[in-house]
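Q: Pasting a structure here, questions to come.
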Amino acid sequence: MLFDYHMHTPLCGHATGHPREYAAEAARQGLGEIGFSEHNPMPEKFDDWRMDLGDFPKYLELLAEARRDHPRLPIRVGLECDFIPGREQWIQELAKKADFDYLIGAVHYITPDWDVDNPLKLDRWKQQPVEEVWTRYFRALGQAAQSGLFDFLAHPDLVKKFGHIPEGDLVPYYKGALDAIEASKMAIEVSTAGLRKEVAEIYPSVQFLKEAFRRKIPVLISSDSHAPQEVGYEFQKAVSLVKEIGYRELTAFKQRQKVRIPIS
């Protein structure tokens, strides 16, 4: 049974389609369940690509509408939450605002003013060595795992989105974050969204996944959909990848508890 837990809504300002349309596409593909994970609101205006706090009730309403239209398809409730040092208490408060099935941890910001995957800030890559950017990113990813706030981590090597990748062995960059993820017993997302980006590669890399498998870190497959037609995007490529590496099950969530799903 395949499922897709990383899907957005128009409330983030850069996605299209009602959740019922995502659900319809998932049903058409035969997915066993889906989940929505809008970018978490902040208590103040933070950037222009996340749901406003005032729209949170609307978010839950949209998901309820999708559930009414697709009663046979389990639709989970989640959030994609930015890990930002000093904002941990806010995530704890958000976690109480709904009966969440999962919270996804994500690292977008490596400094207070640089969301490293933002195409409007590509010039920032010219201002410091790629090695330093990668070091900061994976340090933050490890801190996200150590925080205990999340159920799984989104697109674990998002920092490669635009194709800025250090030369040589990348495992030293990954190691600290992977150690923290292993210790936290978290899962990681295998995201096909990278195939739609400049890097044209699944998140995370094959080497990262091999290291994760060696540490027995659980995985799940997601699309990071921002439009209904992206639901389940290239899932067979992701399934083939995780099976080739050695995985035989995926990890689903219900009420923030892990559920093991064999890969057929």
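Just so we're on the same page: first chain in the structure tokens is A, next is B, and so on; residues restart at 1 for each chain, and ligands are numbered from 1 in the order they show up.
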List the spatial neighbours of range 177-183 of chain A as a list in words - criterion: any atom at most 9 Å away, only C-alpha atoms, same-chain residues fewer than 2 positions off excluded.
A: Phe138, Arg139, Ala140, Leu141, Gly142, Gln143, Ala144, Ala145, Gln146, Leu153, Tyr173, Tyr174, Lys175, Lys185, Met186, Ala187, Ile188, Phe208, Glu211, Ala212, Arg215, Lys216 and Ile217 of chain A
Q: Can you pull out every residue from range 78-164 of chain A that DSSP, working from the backbone, puts in strand (DSSP E or B), and format the result as an NGL selection string?
A: :A and (78-82 or 102-106 or 109-111 or 114-115 or 152-153)
Q: Fewer than 6 positions away in the same chain doesn't count, so skip those; otherwise give me all residues within 6 Å of range 97-106 of chain A, counting only C-alpha atoms, as a PyMOL selection string.
A: chain A and resi 76-83+150-154+254-256
Q: Excluding Met1 in chain A and its own-chain neighbours fewer than 4 positions away, which residues fall within 7 Å of it when counting only C-alpha atoms? Please give them as JSON, numbers by chain.
A: {"A": [31, 32, 261, 263]}
Q: Generate a file of the selected residues that holds N, CA and C atoms, formatted as a CSV table (one decimal), in the first residue's frame.
A:
```
chain,number,residue,atom,x,y,z
A,31,LEU,N,-3.9,4.9,-4.3
A,31,LEU,CA,-3.1,5.1,-3.0
A,31,LEU,C,-4.0,4.7,-1.8
A,32,GLY,N,-3.4,4.1,-0.8
A,32,GLY,CA,-4.1,3.6,0.3
A,32,GLY,C,-4.6,4.7,1.3
A,261,ILE,N,4.2,-0.6,7.1
A,261,ILE,CA,3.5,-1.0,5.9
A,261,ILE,C,4.4,-1.8,5.0
A,263,ILE,N,6.3,-3.3,1.9
A,263,ILE,CA,6.3,-2.9,0.5
A,263,ILE,C,6.0,-4.1,-0.4
```
Q: Do you know which residues are at most 10 Å from Ile34 in chain A counting only C-alpha atoms, after dropping those on the same chain fewer than 2 positions away, and could you put them as a ChimeraX atom specification?
A: /A:2-7,22-23,26-27,31-32,36,73-77,222,231-232,252
Q: Write out as a PyMOL selection string the residues lying within 12 Å of Glu61 in chain A, counting only C-alpha atoms and excluding same-chain residues fewer than 4 positions away.
A: chain A and resi 9+11+18-20+55-57+65-68+77+98
Q: Find the residues near Lys161 in chain A: any atom within 8 Å, counting only C-alpha atoms, skip ones fewer than 6 places away on the same chain, and give them as a tab-separated table (two decimals) with C-alpha atoms, in the first residue's frame.
A:
```tsv
chain	number	residue	atom	x	y	z
A	117	ASP	CA	15.70	26.62	-1.25
A	194	GLY	CA	13.64	16.65	-6.19
A	197	LYS	CA	13.77	20.60	-9.37
A	198	GLU	CA	17.05	21.70	-10.89
A	199	VAL	CA	18.98	18.88	-9.22
```
Q: For Gly148 in chain A, which residue out of A:Glu249, A:Ile91, A:Arg28, A:Asp69 is the nearest one, using only C-alpha atoms?
A: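 Smallest distance to Gly148 in chain A is found for A:Ile91.
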Q: Which residue out of A:Cys12, A:Val133, A:Val107, A:Leu209 has the minimum interatomic distance to Val171 in chain A when only C-alpha atoms are used?
A: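 With only C-alpha atoms as the atom set, the closest residue is A:Leu209.
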Q: Given only C-alpha atoms as the basis, pick out the residue of A:Leu170, A:Ala227, A:Leu63, A:Ala238 nearest to Val190 in chain A.
A: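 Of A:Leu170, A:Ala227, A:Leu63, A:Ala238, the one nearest Val190 in chain A is A:Ala238, counting only C-alpha atoms.
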Q: Could you jot down the CA of Gln127 in chain A to CA of His108 in chain A separation for me, Å, one decimal place?
A: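 CA of His108 in chain A lies at a distance of 17.7 Å from CA of Gln127 in chain A.
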Q: CA of Gly163 in chain A to CA of Ala200 in chain A: how many Å, to one decimal?
A: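 Between CA of Gly163 in chain A and CA of Ala200 in chain A the gap works out to 8.5 Å.
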Q: What are the DSSP helix (DSSP H, G or I) residues of range 82-202 of chain A, as a PyMOL selection string?
A: chain A and resi 88-94+119-126+130-146+158-160+171-184+192-196
Q: For CA of Leu250 in chain A and CA of Ser37 in chain A, quote the distance in Å rounded to one decimal.
A: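 Distance between the two atoms: 18.3 Å.
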